[in-house]
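Worksheet: the structure to be examined is printed underneath.
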Amino acid sequence: MPPRNLRVGVAFGGRSVEHDVSIITGLQALSVLEERHAPIPIYISRDGRWFTGEALRTLEAYQSAGPVEEGGQAQEIHFDLHNGRLLRACAGASLLRRRSSPEPIELDVVVLATHGTQGEDGCLAGTLELARLPYVGPPVGAAAASMDKVMTKAVLSQAGLPALGHLALRREQWAADPAASAAEAHRRLSLPMYVKPASLGSSVGVSRCESEEQVMQALELAFELDRVCLIEPAVEDGIEVNCSVIGRPGIRPRASVCEQPVATESFLSFEDKYMRGVKDEGGATQGMKGAQRLIPAPLDAETTERVQDLAKQAFVAFGCAGVTRVDFLIDAAGSIYVNELNTIPGSFSFYLWEPSGLPFVELMDELLDLALEEQREKDRTTSVFATNLLALRTAGAKTGEKR
């Protein structure tokens with residue numbers, strides 16, 4: 001268990017189509033962390049600016065104008081890579097003074113509650129790596145590989161894990177000849193099929209296609225949202241099953257109970273995940289916690305164990321750390337396919353860990369502990385060392401030696 005009263009930055013929001021979903025996850029983390037630590041909100045606006053302040057702790061703050069607009073109560077902050085801390089601009093100071101002597105905000109660790117692009121794809125993790133600041137979330141490589149559905153297929157194949165066949169198309173192919181791109185999809189795959197942006201989550205931009213016309217429309221939408229899209233065959237009369245995994249490289253991961261999400265359409269849509277299901281007392285959505293699901297999933301013991309084992313294998317294959325939700329498809333014949341990995345899952349998948357015997361507050365403590373252990377392991381690795389290469393080059397240049 002990590003020390004009590006850690007100063008924990010919670011990063012959420014971001015330049016992503018999953019911005020609002022991330023706000024919900026971030027606020028959930030802030031709330032539960034308050035029981036044992038000193039959480040600090042780090043809100044990243046849609047235009048990429050960073051803010052902090054007490055006003056950012058409630059969902060109401062993000063309605064209408066919000067606290068980050070002109071005259072709002074939140075304070076813009078800047079990140080100091082060298083010192084590994086946030087810098088808050090001094091209130092009321094001139095721009096020159098704000099740049100020269102900002103008030104520091106010291107952090108022990110950062111929780112990444114950012115979903116989607118520039119948050120879940122390794123960008124933010126890379127920033128924290130440069131600052132040598134511990135963080136709860138996937139390493140850069142795991143984040144990037146799992147965010148890209150085409151790369152996900154390649155890693156799964158390399159690891160010998162079962163995945164659906166697919167076709168990847170690029171935006172330039174579509175722009176050059178839309179009809180040829182659609183024809184390639186029909187040549188390689190049969191209807192019905194799914195078209196997905198390669199690097200988005202929360203089912204944003206996912207389309208089920210049952211006709212050639214729908215394929216053309218789905219590709220047009222996908223390429224508005226991403227440079228690459230993935231096309232997969234539909235698994236008819238199948239079910240979706242999810243399992244969460246916790247751990248870090250070098251230790252044995254653990255798997256949660258399984259869940260079967262309940263879809264109102266032929267696939268689990270954004271609305272199923274976030275707009276339907278359980279609401280809080282104020283009528284607001286509770287994120288992934290509120291979605292309709294069957295926990296545990298109605299699977300026999302053998303299938304459950306197989307799903308959990310595959311989830312742990314996928315976690316290890318990608319080099320994940322923290323908590324990851326692995327999503328599966330099971331067809332009518334019982335064949336299991338790894339669909340995708342969500343390395344910063346909505347609500348941190350705490351709704352899967354609580355029935356597994358790990359309350360949300362203890363889940364967050366374990367994630368903090370894993371982050372601190374991972375940083376200690378990184379600090380053991382030599383990354384910089386002195387050489388006499390430059391001196392030798394200088395001496396060679398002075399004597400006229402050619403290299």
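Ordering of the structure tokens sets the chain letters (A, B, ...), residue numbers begin anew at 1 in every chain, and ligands are numbered from 1 in the order given.
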Worksheet item: Excluding same-chain residues fewer than 5 positions from Gly334 of chain A, what lies within 10 Å of it counting only C-alpha atoms, as a VMD selection string?
Response: chain A and resid 238 to 239 303 329
Selected residues written out, C-alpha atoms, as a PDB file, in the first residue's frame:
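Dumped to part_6.pdb:
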```pdb
ATOM      1  CA  GLY A 238     -22.279 -13.429 -30.805  1.00  0.00           C
ATOM      2  CA  ILE A 239     -21.774 -11.561 -27.541  1.00  0.00           C
ATOM      3  CA  THR A 303     -15.118 -20.064 -20.884  1.00  0.00           C
ATOM      4  CA  LEU A 329     -16.125 -11.143 -28.974  1.00  0.00           C
TER       5      LEU A 329
END
```
Worksheet item: Within 6 Å of segment 148-156 of chain A, counting only C-alpha atoms, which residues qualify if same-chain residues fewer than 3 places away don't, as a ChimeraX atom specification?
Response: /A:145,159,161,198-199
Practice prompt. Find, counting only C-alpha atoms, the residue in A:Ala301, A:Leu294, A:Cys320, A:Ala183 that gets nearest to Arg252 of chain A.
Written response: A:Cys320
Worksheet entry | Exercise: segment 77-85 of chain A partners within 8 Å, only C-alpha atoms, chain neighbours under 6 positions left out, as a list in words | Arg49, Trp50, Phe51, Thr52, Pro104, Ile105, Glu106, Leu107, Thr127, Leu128, Leu130, Ala131, Arg132 and Leu133 of chain A
Selected residues, N, CA and C atoms, written as an mmCIF file, in the first residue's frame, please.
```
data_model
loop_
_atom_site.group_PDB
_atom_site.id
_atom_site.type_symbol
_atom_site.label_atom_id
_atom_site.label_comp_id
_atom_site.auth_asym_id
_atom_site.auth_seq_id
_atom_site.Cartn_x
_atom_site.Cartn_y
_atom_site.Cartn_z
ATOM 1 N N ARG A 49 -5.065 23.621 -23.277
ATOM 2 C CA ARG A 49 -4.526 24.333 -22.115
ATOM 3 C C ARG A 49 -4.785 23.538 -20.839
ATOM 4 N N TRP A 50 -3.887 23.708 -19.854
ATOM 5 C CA TRP A 50 -3.985 22.983 -18.584
ATOM 6 C C TRP A 50 -4.463 23.942 -17.490
ATOM 7 N N PHE A 51 -5.378 23.435 -16.624
ATOM 8 C CA PHE A 51 -5.938 24.239 -15.547
ATOM 9 C C PHE A 51 -6.005 23.429 -14.261
ATOM 10 N N THR A 52 -6.036 24.144 -13.135
ATOM 11 C CA THR A 52 -6.292 23.521 -11.841
ATOM 12 C C THR A 52 -7.150 24.466 -11.021
ATOM 13 N N PRO A 104 4.920 27.031 -7.656
ATOM 14 C CA PRO A 104 5.009 25.599 -7.992
ATOM 15 C C PRO A 104 3.929 24.759 -7.315
ATOM 16 N N ILE A 105 3.522 23.692 -7.976
ATOM 17 C CA ILE A 105 2.636 22.684 -7.405
ATOM 18 C C ILE A 105 3.401 21.370 -7.437
ATOM 19 N N GLU A 106 3.833 20.918 -6.286
ATOM 20 C CA GLU A 106 4.603 19.683 -6.217
ATOM 21 C C GLU A 106 3.659 18.482 -6.304
ATOM 22 N N LEU A 107 4.062 17.455 -7.031
ATOM 23 C CA LEU A 107 3.264 16.246 -7.182
ATOM 24 C C LEU A 107 4.120 15.021 -6.870
ATOM 25 N N THR A 127 5.121 12.816 -21.883
ATOM 26 C CA THR A 127 5.455 14.051 -21.176
ATOM 27 C C THR A 127 5.907 13.754 -19.752
ATOM 28 N N LEU A 128 5.192 12.856 -19.078
ATOM 29 C CA LEU A 128 5.537 12.507 -17.702
ATOM 30 C C LEU A 128 6.833 11.701 -17.641
ATOM 31 N N LEU A 130 9.390 12.220 -19.623
ATOM 32 C CA LEU A 130 10.436 13.235 -19.735
ATOM 33 C C LEU A 130 10.696 13.915 -18.394
ATOM 34 N N ALA A 131 9.638 14.074 -17.609
ATOM 35 C CA ALA A 131 9.767 14.721 -16.304
ATOM 36 C C ALA A 131 10.165 13.737 -15.212
ATOM 37 N N ARG A 132 10.261 12.438 -15.546
ATOM 38 C CA ARG A 132 10.579 11.390 -14.574
ATOM 39 C C ARG A 132 9.606 11.427 -13.402
ATOM 40 N N LEU A 133 8.343 11.639 -13.735
ATOM 41 C CA LEU A 133 7.297 11.716 -12.729
ATOM 42 C C LEU A 133 6.449 10.447 -12.793
#
```
Practice prompt. For Thr114 of chain A, list every protein, DNA or RNA residue within 7 Å, evaluated using only C-alpha atoms, and leave out those in the same chain fewer than 4 positions away; present the list as a PyMOL selection string.
Written response: chain A and resi 11-14+22+119-120
Item to complete: Name all residues at most 7 Å from Ile344 of chain A (count only C-alpha atoms; drop same-chain ones fewer than 4 positions away) and give them as a PyMOL selection string.
Response: chain A and resi 113+115+120+137+323-324+348
Discussion item. Going by DSSP on the backbone, which residues of segment 211-360 of chain A come out as strand (DSSP E or B)? List them as JSON, numbers by chain.
Written reply: {"A": [228, 229, 230, 231, 232, 233, 239, 240, 241, 242, 243, 244, 245, 246, 247, 254, 255, 256, 257, 258, 259, 260, 261, 279, 285, 293, 294, 322, 323, 324, 325, 326, 327, 328, 329, 330, 336, 337, 338, 339, 340, 341, 342]}
Residues of segment 208-272 of chain A that approach segment 365-373 of chain A to 10 Å or less, counting only C-alpha atoms: could you list each one with the shortest pair of atoms and its distance in Å to one decimal, rows by chain and increasing residue number, as a Markdown table?
```
| residue | atom | partner | partner_atom | distance |
| --- | --- | --- | --- | --- |
| A:Ile246 | CA | A:Leu367 | CA | 8.1 |
| A:Gly247 | CA | A:Leu370 | CA | 7.1 |
| A:Arg248 | CA | A:Leu370 | CA | 6.8 |
| A:Pro249 | CA | A:Leu370 | CA | 9.9 |
```
Got time to write the residues from that selection, N, CA and C atoms, as a compact mmCIF listing (two decimals), in the first residue's frame?
```
# COMPACT_ATOMS: atom_id res chain seq x y z
N ILE A 246 -4.99 -6.06 -13.92
CA ILE A 246 -4.16 -5.11 -13.19
C ILE A 246 -2.77 -5.69 -13.00
N GLY A 247 -1.75 -4.84 -13.08
CA GLY A 247 -0.38 -5.30 -12.91
C GLY A 247 0.60 -4.32 -13.53
N ARG A 248 1.81 -4.78 -13.76
CA ARG A 248 2.84 -4.00 -14.43
C ARG A 248 3.88 -4.98 -14.97
N PRO A 249 4.74 -4.55 -15.89
CA PRO A 249 5.76 -5.47 -16.42
C PRO A 249 6.62 -6.06 -15.31
```
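Atom CA of His19 of chain A sits 20.5 Å away from atom CA of Val32 of chain A.
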Distance query Leu358 of chain A at most 12 Å, only C-alpha atoms, self and fewer than 5 positions along chain excluded, as a short mmCIF file (atom, residue, chain, number, x, y, z; two decimals) with C-alpha atoms, in the first residue's frame:
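This is the output file out_34.cif:
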```
data_model
loop_
_atom_site.label_atom_id
_atom_site.label_comp_id
_atom_site.auth_asym_id
_atom_site.auth_seq_id
_atom_site.Cartn_x
_atom_site.Cartn_y
_atom_site.Cartn_z
CA ILE A 246 -4.16 -5.11 -13.19
CA ARG A 254 -4.51 -10.43 -12.04
CA ALA A 255 -7.83 -10.60 -13.85
CA SER A 256 -11.22 -9.39 -12.63
CA VAL A 257 -14.59 -11.01 -13.03
CA SER A 349 -13.20 -0.55 -14.50
CA PHE A 350 -13.78 -0.36 -10.74
CA TYR A 351 -17.25 -1.89 -11.28
CA LEU A 352 -15.40 -5.10 -12.30
CA TRP A 353 -12.96 -5.00 -9.39
CA LEU A 363 -8.01 -0.24 -6.39
CA MET A 364 -6.71 3.33 -6.63
CA ASP A 365 -4.21 2.68 -3.83
CA GLU A 366 -2.92 -0.40 -5.66
CA LEU A 367 -2.61 1.60 -8.88
#
```
Worksheet item: Which one is closest to Pro139 of chain A: A:Pro345, A:Phe318, A:Leu299, A:Thr394? Count only C-alpha atoms.
Response: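 Of A:Pro345, A:Phe318, A:Leu299, A:Thr394, the one nearest Pro139 of chain A, counting only C-alpha atoms, is A:Phe318.
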Item to complete: Find the spatial neighbours of Asp331 of chain A, counting only C-alpha atoms, within a cut-off of 10 Å - ignore same-chain residues fewer than 2 positions away - and output them as number ranges by chain.
Response: A: 234-240, 328-329, 333-337
Fill in: Distance in Å - atom CA of Ile42 of chain A versus atom CA of Leu56 of chain A
8.4 Å
